[in-house]
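Listing of start.cif, mmCIF, C-alpha atoms and all ligand atoms
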data_entry
#
loop_
_atom_site.label_atom_id
_atom_site.label_comp_id
_atom_site.auth_asym_id
_atom_site.auth_seq_id
_atom_site.Cartn_x
_atom_site.Cartn_y
_atom_site.Cartn_z
CA MET E 195 -32.00 -32.93 105.28
CA SER E 196 -28.95 -34.54 106.77
CA PRO E 197 -26.39 -36.00 104.42
CA ALA E 198 -24.68 -39.35 104.57
CA LEU E 199 -20.94 -38.96 104.73
CA SER E 200 -20.34 -42.63 104.24
CA GLY E 201 -18.22 -42.33 101.16
CA ASP E 202 -21.27 -42.18 99.00
CA GLY E 203 -23.01 -38.98 100.02
CA LEU E 204 -24.03 -38.33 96.46
CA GLU E 205 -25.28 -41.88 95.99
CA LEU E 206 -27.57 -41.32 98.92
CA ALA E 207 -28.73 -38.09 97.32
CA SER E 208 -29.27 -39.99 94.09
CA LYS E 209 -31.37 -42.57 95.89
CA TYR E 210 -33.85 -39.97 97.02
CA GLU E 211 -33.42 -37.45 94.25
CA GLN E 212 -33.00 -39.75 91.30
CA PRO E 213 -35.10 -37.69 88.89
CA ALA E 214 -33.26 -34.50 89.77
CA PHE E 215 -29.76 -35.89 89.41
CA ASP E 216 -30.60 -38.09 86.46
CA ARG E 217 -31.06 -35.00 84.35
CA TYR E 218 -27.42 -34.10 84.85
CA THR E 219 -25.67 -36.43 82.47
CA ARG E 220 -23.09 -33.67 81.99
CA PRO E 221 -21.49 -31.43 84.61
CA PRO E 222 -22.64 -27.83 85.05
CA LYS E 223 -20.65 -25.37 82.97
CA SER E 224 -19.71 -23.19 85.89
CA LEU E 225 -17.24 -24.00 88.65
CA TYR E 226 -16.28 -22.14 91.84
CA LEU E 227 -13.16 -23.12 93.82
CA HIS E 228 -12.65 -21.89 97.37
CA PHE E 229 -9.06 -21.28 98.53
CA PRO E 230 -9.43 -21.03 102.31
CA PHE E 231 -6.18 -19.39 103.46
CA CYS E 232 -5.23 -15.83 104.38
CA GLU E 233 -2.01 -14.45 105.81
CA HIS E 234 -3.98 -12.56 108.39
CA ARG E 235 -7.64 -12.20 109.36
CA CYS E 236 -9.23 -8.81 108.67
CA HIS E 237 -11.10 -7.28 111.61
CA TYR E 238 -14.55 -7.77 110.10
CA CYS E 239 -14.16 -11.19 108.46
CA ASP E 240 -15.89 -14.42 109.44
CA PHE E 241 -15.32 -16.40 106.22
CA SER E 242 -14.09 -19.97 106.20
CA VAL E 243 -10.39 -19.09 106.26
CA THR E 244 -7.36 -20.47 108.06
CA ARG E 245 -4.57 -18.05 108.92
CA SER E 246 -1.33 -19.09 107.31
CA ALA E 247 1.67 -17.15 106.05
CA GLU E 248 2.64 -20.16 103.94
CA PRO E 249 -0.56 -21.96 103.00
CA PRO E 250 -0.43 -25.67 102.14
CA VAL E 251 -1.05 -25.06 98.44
CA ARG E 252 -0.10 -28.61 97.47
CA SER E 253 -2.56 -30.12 99.97
CA TRP E 254 -5.28 -27.80 98.64
CA LEU E 255 -4.52 -28.86 95.07
CA ASP E 256 -4.67 -32.52 96.14
CA ALA E 257 -8.01 -31.94 97.87
CA ILE E 258 -9.50 -30.14 94.86
CA GLU E 259 -8.32 -32.99 92.65
CA VAL E 260 -9.91 -35.60 94.95
CA GLU E 261 -13.17 -33.67 95.12
CA THR E 262 -13.30 -33.25 91.34
CA ALA E 263 -12.67 -36.98 90.82
CA TRP E 264 -15.31 -37.75 93.47
CA TRP E 265 -17.96 -35.80 91.56
CA PHE E 266 -17.08 -37.20 88.14
CA GLU E 267 -17.00 -40.77 89.44
CA ASN E 268 -20.22 -40.52 91.44
CA MET E 269 -22.12 -38.77 88.68
CA LYS E 270 -20.53 -40.87 85.92
CA TRP E 271 -19.79 -37.70 83.98
CA GLU E 272 -17.62 -37.91 80.91
CA SER E 273 -14.53 -35.77 80.76
CA PRO E 274 -13.25 -33.37 79.67
CA ALA E 275 -16.26 -31.12 80.10
CA VAL E 276 -16.43 -27.58 78.76
CA LEU E 277 -16.29 -24.83 81.38
CA ASP E 278 -17.99 -21.56 80.59
CA THR E 279 -16.89 -19.90 83.81
CA LEU E 280 -14.31 -20.70 86.47
CA PHE E 281 -14.00 -18.53 89.57
CA ILE E 282 -11.36 -18.97 92.26
CA GLY E 283 -12.32 -17.12 95.41
CA GLY E 284 -11.28 -17.12 99.01
CA GLY E 285 -9.60 -16.54 101.26
CA THR E 286 -6.62 -15.16 99.40
CA PRO E 287 -6.19 -16.99 96.08
CA SER E 288 -3.16 -14.83 95.22
CA LEU E 289 -1.33 -17.01 97.77
CA ILE E 290 -1.74 -19.95 95.37
CA GLY E 291 1.19 -18.31 93.55
CA SER E 292 2.33 -18.80 89.96
CA GLU E 293 3.43 -22.43 90.14
CA GLY E 294 0.34 -23.36 92.10
CA LEU E 295 -1.95 -21.89 89.48
CA VAL E 296 -0.13 -23.59 86.60
CA GLU E 297 -0.37 -26.87 88.53
CA LEU E 298 -4.08 -26.31 89.21
CA LYS E 299 -4.74 -25.84 85.51
CA CYS E 300 -2.86 -29.07 84.68
CA ARG E 301 -4.79 -31.01 87.29
CA LEU E 302 -8.19 -29.65 86.25
CA ALA E 303 -7.43 -30.38 82.58
CA ARG E 304 -8.16 -34.07 83.19
CA TRP E 305 -11.81 -33.16 83.74
CA PHE E 306 -12.44 -29.73 82.31
CA ASP E 307 -11.73 -27.89 79.08
CA ILE E 308 -10.58 -24.43 80.07
CA GLU E 309 -10.21 -22.36 76.93
CA PRO E 310 -8.77 -18.85 77.29
CA GLU E 311 -10.97 -17.52 74.48
CA LYS E 312 -14.17 -19.11 75.79
CA THR E 313 -13.92 -19.67 79.52
CA GLU E 314 -14.31 -16.64 81.74
CA TRP E 315 -11.63 -17.43 84.33
CA THR E 316 -11.60 -15.09 87.31
CA VAL E 317 -9.17 -15.24 90.22
CA GLU E 318 -9.52 -13.10 93.33
CA ALA E 319 -6.35 -11.49 94.62
CA ASN E 320 -5.24 -9.48 97.61
CA PRO E 321 -3.15 -6.47 96.56
CA ALA E 322 -0.65 -7.41 99.30
CA SER E 323 0.26 -10.70 97.61
CA PHE E 324 -0.16 -9.61 93.99
CA SER E 325 2.63 -8.66 91.61
CA TYR E 326 3.34 -8.09 87.95
CA GLU E 327 5.22 -11.42 87.80
CA LEU E 328 2.28 -13.31 89.29
CA ALA E 329 -0.19 -11.55 87.00
CA THR E 330 1.92 -12.39 83.94
CA VAL E 331 2.02 -16.11 84.70
CA TRP E 332 -1.70 -16.16 85.49
CA ARG E 333 -2.52 -14.35 82.24
CA GLU E 334 -0.36 -16.77 80.24
CA SER E 335 -2.11 -19.68 81.95
CA GLY E 336 -5.53 -18.54 80.74
CA VAL E 337 -6.83 -16.42 83.62
CA ASN E 338 -8.63 -13.52 81.94
CA ARG E 339 -10.27 -11.66 84.81
CA ILE E 340 -8.82 -10.40 88.08
CA SER E 341 -10.85 -9.37 91.10
CA LEU E 342 -8.80 -7.36 93.58
CA GLY E 343 -9.89 -7.01 97.21
CA VAL E 344 -9.09 -3.30 97.45
CA GLN E 345 -11.93 -2.33 99.87
CA SER E 346 -10.77 1.28 100.28
CA LEU E 347 -8.29 3.76 98.84
CA ASP E 348 -7.67 5.48 102.16
CA ASP E 349 -4.74 4.32 104.33
CA ALA E 350 -6.47 5.08 107.64
CA VAL E 351 -9.58 3.12 106.61
CA LEU E 352 -7.49 0.18 105.40
CA LEU E 353 -5.63 0.10 108.71
CA TRP E 354 -8.91 0.23 110.63
CA LEU E 355 -10.28 -2.68 108.58
CA GLY E 356 -7.16 -4.72 109.31
CA ARG E 357 -6.15 -5.01 105.67
CA LEU E 358 -2.57 -5.91 104.80
CA HIS E 359 -2.18 -3.39 102.00
CA ASP E 360 -2.22 0.39 101.80
CA ARG E 361 -3.64 2.68 99.12
CA GLU E 362 -0.40 2.78 97.14
CA ARG E 363 -0.20 -1.04 96.97
CA ALA E 364 -3.84 -1.26 95.85
CA VAL E 365 -3.28 1.24 93.03
CA ALA E 366 -0.05 -0.52 92.06
CA ALA E 367 -1.83 -3.90 91.93
CA VAL E 368 -4.39 -2.56 89.46
CA GLY E 369 -1.53 -1.21 87.32
CA GLU E 370 0.29 -4.55 87.47
CA ALA E 371 -2.81 -6.42 86.33
CA HIS E 372 -3.24 -4.04 83.39
CA ALA E 373 0.45 -4.17 82.50
CA ALA E 374 0.32 -7.98 82.46
CA GLY E 375 -2.44 -7.83 79.83
CA PHE E 376 -5.62 -8.07 81.89
CA GLU E 377 -8.35 -6.00 80.30
CA ARG E 378 -10.92 -7.22 82.80
CA VAL E 379 -9.99 -5.95 86.25
CA SER E 380 -12.52 -5.62 89.04
CA ILE E 381 -12.13 -4.27 92.55
CA ASP E 382 -14.19 -4.75 95.70
CA LEU E 383 -15.04 -1.69 97.77
CA LEU E 384 -16.51 -1.66 101.28
CA PHE E 385 -18.98 0.99 102.39
CA GLY E 386 -21.30 1.61 105.31
CA LEU E 387 -18.60 1.96 107.98
CA PRO E 388 -19.40 3.18 111.52
CA ASP E 389 -19.86 6.95 111.88
CA ASP E 390 -16.66 7.28 113.93
CA VAL E 391 -14.51 6.10 110.99
CA GLU E 392 -13.72 9.17 108.94
CA ARG E 393 -13.75 8.69 105.23
CA ASN E 394 -13.90 10.82 102.10
CA LEU E 395 -15.92 8.48 99.91
CA VAL E 396 -16.18 10.99 97.05
CA ARG E 397 -12.39 11.22 96.80
CA GLU E 398 -12.07 7.44 96.89
CA ILE E 399 -14.69 6.92 94.15
CA ASP E 400 -13.00 9.55 91.98
CA GLU E 401 -9.71 7.76 92.38
CA ALA E 402 -11.29 4.35 91.68
CA ILE E 403 -12.89 5.70 88.49
CA LYS E 404 -9.49 6.92 87.28
CA LEU E 405 -8.09 3.39 87.62
CA ASN E 406 -9.80 2.35 84.37
CA LEU E 407 -11.49 -0.68 85.88
CA SER E 408 -13.92 -2.85 83.94
CA HIS E 409 -15.97 -3.73 87.00
CA ILE E 410 -16.54 -2.65 90.61
CA SER E 411 -18.29 -4.63 93.37
CA LEU E 412 -19.62 -2.98 96.52
CA TYR E 413 -20.03 -4.60 99.89
CA GLY E 414 -21.81 -3.04 102.84
CA LEU E 415 -19.84 -3.71 106.02
CA SER E 416 -21.72 -6.26 108.10
CA VAL E 417 -20.95 -6.98 111.73
CA GLU E 418 -20.46 -10.70 112.21
CA PRO E 419 -20.43 -12.28 115.67
CA ARG E 420 -17.04 -13.21 117.16
CA THR E 421 -15.07 -10.83 114.91
CA PRO E 422 -12.85 -8.11 116.43
CA LEU E 423 -15.28 -5.57 114.93
CA ALA E 424 -18.22 -7.11 116.83
CA LYS E 425 -16.17 -6.96 120.06
CA TRP E 426 -15.24 -3.30 119.49
CA ILE E 427 -18.90 -2.44 119.04
CA GLN E 428 -19.93 -4.46 122.09
CA SER E 429 -17.32 -2.73 124.24
CA GLY E 430 -18.32 0.72 122.94
CA ARG E 431 -14.96 1.34 121.26
CA VAL E 432 -16.77 2.11 118.01
CA SER E 433 -20.41 2.66 117.16
CA ALA E 434 -22.39 0.17 115.08
CA PRO E 435 -22.60 1.07 111.38
CA SER E 436 -25.59 3.32 110.88
CA GLU E 437 -28.33 2.67 108.34
CA ILE E 438 -28.21 6.32 107.31
CA ARG E 439 -24.51 6.22 106.45
CA TYR E 440 -25.05 2.91 104.66
CA ALA E 441 -27.87 4.32 102.52
CA ASP E 442 -26.04 7.61 101.82
CA GLY E 443 -22.88 5.73 100.79
CA TYR E 444 -24.81 3.37 98.54
CA ARG E 445 -26.68 6.20 96.79
CA LEU E 446 -23.48 8.18 96.32
CA LEU E 447 -21.52 5.24 94.92
CA SER E 448 -24.29 4.32 92.51
CA LYS E 449 -24.72 7.92 91.32
CA GLU E 450 -21.01 8.56 90.77
CA LEU E 451 -20.27 5.22 89.12
CA CYS E 452 -23.26 5.48 86.77
CA ALA E 453 -22.22 9.05 85.88
CA ALA E 454 -18.79 7.66 85.00
CA GLY E 455 -20.30 5.17 82.54
CA TYR E 456 -20.73 2.06 84.65
CA ASP E 457 -23.98 0.09 84.55
CA HIS E 458 -25.42 -0.66 87.97
CA TYR E 459 -26.48 -4.13 86.81
CA GLU E 460 -26.95 -5.89 90.13
CA VAL E 461 -27.57 -4.70 93.65
CA SER E 462 -23.82 -4.79 94.46
CA ASN E 463 -22.18 -4.74 91.05
CA PHE E 464 -21.21 -2.18 88.42
CA ALA E 465 -19.71 -2.88 85.02
CA ARG E 466 -18.59 -1.10 81.90
CA PRO E 467 -20.80 -2.15 78.96
CA GLY E 468 -20.03 -5.76 78.07
CA GLU E 469 -18.01 -6.35 81.23
CA GLN E 470 -20.56 -7.93 83.57
CA CYS E 471 -19.34 -10.94 85.52
CA ARG E 472 -20.66 -13.95 83.62
CA HIS E 473 -19.95 -16.30 86.51
CA ASN E 474 -22.27 -14.48 88.87
CA TRP E 475 -25.09 -14.70 86.38
CA TYR E 476 -25.13 -18.47 86.98
CA TYR E 477 -26.05 -17.70 90.61
CA TRP E 478 -28.59 -15.01 89.76
CA ASN E 479 -30.23 -17.07 86.99
CA ARG E 480 -30.41 -20.11 89.27
CA ALA E 481 -28.41 -22.05 86.67
CA PRO E 482 -26.47 -25.13 87.80
CA TYR E 483 -22.95 -24.65 89.10
CA LEU E 484 -20.38 -26.72 90.96
CA ALA E 485 -18.46 -25.42 93.95
CA PHE E 486 -15.43 -27.21 95.38
CA GLY E 487 -13.32 -26.54 98.46
CA PRO E 488 -14.23 -26.09 102.14
CA SER E 489 -17.52 -24.26 102.78
CA ALA E 490 -18.27 -24.01 99.04
CA HIS E 491 -21.97 -24.05 98.07
CA GLY E 492 -23.04 -25.61 94.75
CA PHE E 493 -26.39 -25.89 93.02
CA ILE E 494 -27.67 -28.72 90.86
CA PRO E 495 -31.29 -27.65 90.55
CA PRO E 496 -33.34 -28.31 92.54
CA ILE E 497 -30.65 -29.39 95.02
CA ARG E 498 -28.37 -27.05 96.93
CA ILE E 499 -25.22 -28.67 98.28
CA TRP E 500 -22.72 -27.34 100.80
CA ASN E 501 -19.30 -28.67 101.67
CA VAL E 502 -17.66 -29.32 105.02
CA TYR E 503 -16.91 -25.85 106.41
CA ARG E 504 -13.42 -25.91 107.92
CA TRP E 505 -10.30 -26.74 105.90
CA GLU E 506 -9.00 -29.40 108.33
CA GLN E 507 -12.31 -31.27 108.48
CA TYR E 508 -12.83 -30.94 104.74
CA GLU E 509 -9.37 -32.29 103.98
CA GLY E 510 -9.83 -35.06 106.57
CA SER E 511 -13.20 -36.07 105.14
CA LEU E 512 -11.76 -36.36 101.64
CA SER E 513 -8.66 -38.26 102.70
CA GLU E 514 -10.81 -40.76 104.62
CA GLY E 515 -12.87 -41.31 101.47
CA LEU E 516 -15.95 -39.70 103.01
CA GLY E 517 -16.48 -37.11 100.28
CA PRO E 518 -16.66 -33.32 100.56
CA ILE E 519 -20.36 -32.79 101.31
CA ASP E 520 -21.68 -31.58 104.65
CA GLY E 521 -25.32 -31.10 103.67
CA TRP E 522 -27.81 -30.74 100.89
CA GLU E 523 -31.43 -29.81 100.48
CA ARG E 524 -34.04 -29.89 97.78
CA VAL E 525 -35.46 -26.44 97.08
CA SER E 526 -39.23 -26.76 97.34
CA GLU E 527 -41.44 -25.32 94.62
CA LYS E 528 -42.59 -22.62 97.01
CA ASP E 529 -39.00 -21.63 97.84
CA GLU E 530 -38.05 -21.77 94.18
CA ALA E 531 -40.76 -19.22 93.40
CA LEU E 532 -39.43 -16.96 96.14
CA GLU E 533 -35.81 -17.41 94.98
CA ARG E 534 -36.82 -16.43 91.46
CA ILE E 535 -38.43 -13.25 92.73
CA TRP E 536 -35.43 -12.46 94.91
CA MET E 537 -32.92 -13.12 92.12
CA GLY E 538 -35.06 -11.07 89.72
CA LEU E 539 -35.20 -8.13 92.10
CA ARG E 540 -31.48 -8.08 92.69
CA THR E 541 -30.52 -7.61 89.02
CA MET E 542 -31.43 -5.05 86.40
CA LYS E 543 -33.30 -7.81 84.56
CA GLY E 544 -36.04 -7.32 87.14
CA LEU E 545 -39.31 -9.21 87.18
CA SER E 546 -41.68 -9.99 84.37
CA MET E 547 -45.06 -8.32 84.73
CA ARG E 548 -46.80 -11.24 83.12
CA SER E 549 -46.09 -14.27 85.27
CA GLN E 550 -46.90 -12.84 88.70
CA SER E 551 -49.95 -13.62 90.79
CA LYS E 552 -52.59 -10.91 91.08
CA THR E 553 -51.65 -10.16 94.69
CA LEU E 554 -47.94 -9.89 93.90
CA SER E 555 -48.70 -7.62 90.94
CA VAL E 556 -50.63 -5.30 93.25
CA GLN E 557 -47.72 -5.26 95.69
CA LEU E 558 -45.22 -4.55 92.89
CA GLU E 559 -47.42 -1.68 91.63
CA ARG E 560 -47.39 -0.22 95.14
CA TRP E 561 -43.61 -0.40 95.31
CA ALA E 562 -43.41 1.22 91.88
CA GLU E 563 -45.54 4.10 93.17
CA ALA E 564 -43.13 4.46 96.08
CA GLY E 565 -40.25 4.74 93.58
CA TRP E 566 -38.65 1.40 94.39
CA LEU E 567 -39.33 -0.14 90.99
CA LYS E 568 -39.66 1.29 87.52
CA ARG E 569 -41.54 -0.05 84.52
CA GLN E 570 -39.49 -1.01 81.45
CA THR E 571 -41.63 -2.52 78.67
CA ASP E 572 -43.11 -5.57 80.38
CA ARG E 573 -40.77 -5.79 83.37
CA TRP E 574 -40.39 -4.26 86.81
CA ILE E 575 -36.81 -3.08 87.27
CA PRO E 576 -35.53 -2.15 90.74
CA THR E 577 -34.31 1.40 91.31
CA VAL E 578 -31.47 2.30 93.69
CA GLU E 579 -34.12 3.06 96.32
CA GLY E 580 -35.59 -0.38 95.69
CA TRP E 581 -32.21 -2.08 96.03
CA LEU E 582 -31.75 -0.33 99.35
CA ARG E 583 -35.00 -1.95 100.48
CA MET E 584 -34.57 -5.28 98.71
CA ASP E 585 -34.27 -7.36 101.87
CA SER E 586 -37.46 -5.96 103.34
CA MET E 587 -39.32 -6.38 100.02
CA VAL E 588 -38.26 -10.04 99.83
CA ALA E 589 -39.14 -10.56 103.51
CA GLU E 590 -42.57 -9.10 102.88
CA ILE E 591 -43.14 -11.39 99.91
CA ALA E 592 -41.88 -14.41 101.91
CA SER E 593 -44.12 -13.73 104.88
CA SER E 594 -47.23 -13.16 102.83
CA GLU E 595 -49.14 -15.16 100.28
CA VAL E 596 -48.45 -12.72 97.48
CA ARG E 597 -46.38 -15.16 95.41
S1 LIG S 1 -8.57 -11.12 102.95
FE1 LIG S 1 -10.79 -11.49 102.69
S2 LIG S 1 -11.11 -13.62 103.29
FE2 LIG S 1 -9.08 -13.02 104.06
S3 LIG S 1 -9.45 -12.37 106.15
FE3 LIG S 1 -9.56 -10.53 104.88
S4 LIG S 1 -11.73 -10.32 104.33
FE4 LIG S 1 -11.42 -12.41 105.12
#

Give the structure from the file, written as structure tokens.
Amino acid sequence: MSPALSGDGLELASKYEQPAFDRYTRPPKSLYLHFPFCEHRCHYCDFSVTRSAEPPVRSWLDAIEVETAWWFENMKWESPAVLDTLFIGGGTPSLIGSEGLVELKCRLARWFDIEPEKTEWTVEANPASFSYELATVWRESGVNRISLGVQSLDDAVLLWLGRLHDRERAVAAVGEAHAAGFERVSIDLLFGLPDDVERNLVREIDEAIKLNLSHISLYGLSVEPRTPLAKWIQSGRVSAPSEIRYADGYRLLSKELCAAGYDHYEVSNFARPGEQCRHNWYYWNRAPYLAFGPSAHGFIPPIRIWNVYRWEQYEGSLSEGLGPIDGWERVSEKDEALERIWMGLRTMKGLSMRSQSKTLSVQLERWAEAGWLKRQTDRWIPTVEGWLRMDSMVAEIASSEVR
């Protein structure tokens, strides 16, 4: 459905979706902010980021403030509203700096209650622009969870990926976060690299485990069109990542991290007991959440909303009074059923055995026999082998009438 960017995009949505929006007399309790700037673009990245050594932090803060006001005014929400989770992702949010983050908190305080003891406040950071000083100010401001884009603990791999930091900087950044008082520190790790990129994954996992992290997220390398990586593969400079290496890496990471006491609680996420990322559960539970900033995707069930993609257009749209929204769609009942299955399969909550259709139950039984699901009281829980095949399981459900 195409949106109206006539200064009242949400009013238009309200016109057609009155019953859906009417339910939301209060804002969702979860907010994502996208900071769309990086000093440099990594070789595999196609996110909505603008390269900038000195990002326009003030303009970003202004834009976030305008978007927040736009939502509260259009929805007639009362402020301040309690936030259960706040997540600042990017891009490279560590480039917001200390002053920028303090300023952001002041500006958001007009609309949201951010309470250090209650709100899970995560900020992503690049080890290259992270420091003890920055971490200290963030911690004092109420940030209580750091997610570091480490990706690898091998210098040659980091160089190949086009990352700005080396292994030593990544390890130092984790230490700085801990020293500044962060008990909740997560890192991202990439796996599934092309066969020609040498890597000792076992050594890297061992080192990651010694870093005393509360949480680890895994990302399989994907080849996105128009990235340097895609061009290298096209020209034959490197081979495409192989499914075998992907699967071997995933199995190994899951085995080692679980042996070290982490729970593999979602297809890509591992946590120490009690340390799961609360923010992500809003996505996986299909709970309402707001998302501000260029390219951010929000969800006010049953409506999914996405913002103008590029920073310049997003900023321009807001400053012309046209609002932040690029598009929105109502999730149909049929798609909702599929989303629920997909979200269930991706987490260790799994799927209830009770509420499935007969045909889906038969299919799930078959997958259980194949070792892709296991029975736990009255639920089907995915195994590592199941997670490796999650996309094809969901595709099979989507293309058939088994729902
Ligand atoms: S730091 Fe992250 S967002 Fe920025 S270019 Fe690299 S992968 Fe993309």

Considering all atoms listed in the file, can you say which of E:Arg220, E:His234, E:Arg339, E:Lys528 comes closest to ligand LIG 1 (chain S)?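 The closest residue to ligand LIG 1 (chain S) is E:His234.
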
Compare E:Trp566, E:Tyr218, E:Phe231, E:Phe486 by their minimum atom-to-atom distance to ligand LIG 1 (chain S), counting only C-alpha atoms and all ligand atoms, and give me the closest one.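 Checking each of E:Trp566, E:Tyr218, E:Phe231, E:Phe486 against ligand LIG 1 (chain S), counting only C-alpha atoms and all ligand atoms, the winner is E:Phe231.
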
For ligand LIG 1 (chain S), collect every residue having any atom at a distance of at most 9 Å from a ligand atom (counting all atoms listed in the file); output as an NGL selection string. :E and (230-245 or 283-286 or 319-320 or 343 or 355-358)

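You can rank E:Pro495, E:Leu298, E:Asp349, E:His409 by their closest distance to Arg217 in chain E using all atoms listed in the file, and at the top of that list sits E:Pro495.
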
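Taking CA of Pro388 in chain E and CA of Arg361 in chain E as endpoints, the distance between them is 20.1 Å.
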
Selected residue, from E:Ser346, E:Ser462, E:Ser586, E:Thr219, that lies nearest to Arg393 in chain E when counting only C-alpha atoms: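 Under the stated criterion, the closest residue is E:Ser346.
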
Selection as a PyMOL selection string: residues within 10 Å of (-6.0, -26.4, 104.3), counting all atoms listed in the file: chain E and resi 229-231+243-246+249-255+257+487-488+504-510

Keeping only C-alpha atoms, write the selected residues as a JSON list (two decimals), in the frame of the given file.
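As a result, out.json now contains:
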[["chain", "number", "residue", "atom", "x", "y", "z"],
["E", 229, "PHE", "CA", -9.06, -21.28, 98.53],
["E", 230, "PRO", "CA", -9.43, -21.03, 102.31],
["E", 231, "PHE", "CA", -6.18, -19.39, 103.46],
["E", 243, "VAL", "CA", -10.39, -19.09, 106.26],
["E", 244, "THR", "CA", -7.36, -20.47, 108.06],
["E", 245, "ARG", "CA", -4.57, -18.05, 108.92],
["E", 246, "SER", "CA", -1.33, -19.09, 107.31],
["E", 249, "PRO", "CA", -0.56, -21.96, 103.00],
["E", 250, "PRO", "CA", -0.43, -25.67, 102.14],
["E", 251, "VAL", "CA", -1.05, -25.06, 98.44],
["E", 252, "ARG", "CA", -0.10, -28.61, 97.47],
["E", 253, "SER", "CA", -2.56, -30.12, 99.97],
["E", 254, "TRP", "CA", -5.28, -27.80, 98.64],
["E", 255, "LEU", "CA", -4.52, -28.86, 95.07],
["E", 257, "ALA", "CA", -8.01, -31.94, 97.87],
["E", 487, "GLY", "CA", -13.32, -26.54, 98.46],
["E", 488, "PRO", "CA", -14.23, -26.09, 102.14],
["E", 504, "ARG", "CA", -13.42, -25.91, 107.92],
["E", 505, "TRP", "CA", -10.30, -26.74, 105.90],
["E", 506, "GLU", "CA", -9.00, -29.40, 108.33],
["E", 507, "GLN", "CA", -12.31, -31.27, 108.48],
["E", 508, "TYR", "CA", -12.83, -30.94, 104.74],
["E", 509, "GLU", "CA", -9.37, -32.29, 103.98],
["E", 510, "GLY", "CA", -9.83, -35.06, 106.57]]

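Nearest residue to Glu590 in chain E, choosing from E:Val525, E:Ile535, E:Ala350, E:Ile410 and counting only C-alpha atoms: E:Ile535.
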
In Å, how far is it from CA of Trp271 in chain E to CA of Leu484 in chain E?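 Computing it gives 13.0 Å between the two atoms.
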
Which residue out of E:Val578, E:Ile591, E:Leu567, E:Ala263 has the minimum interatomic distance to Ser551 in chain E when only C-alpha atoms are used? E:Ile591

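With CA of Asp382 in chain E on one side and CA of Ser341 in chain E on the other, the separation reads 7.3 Å.
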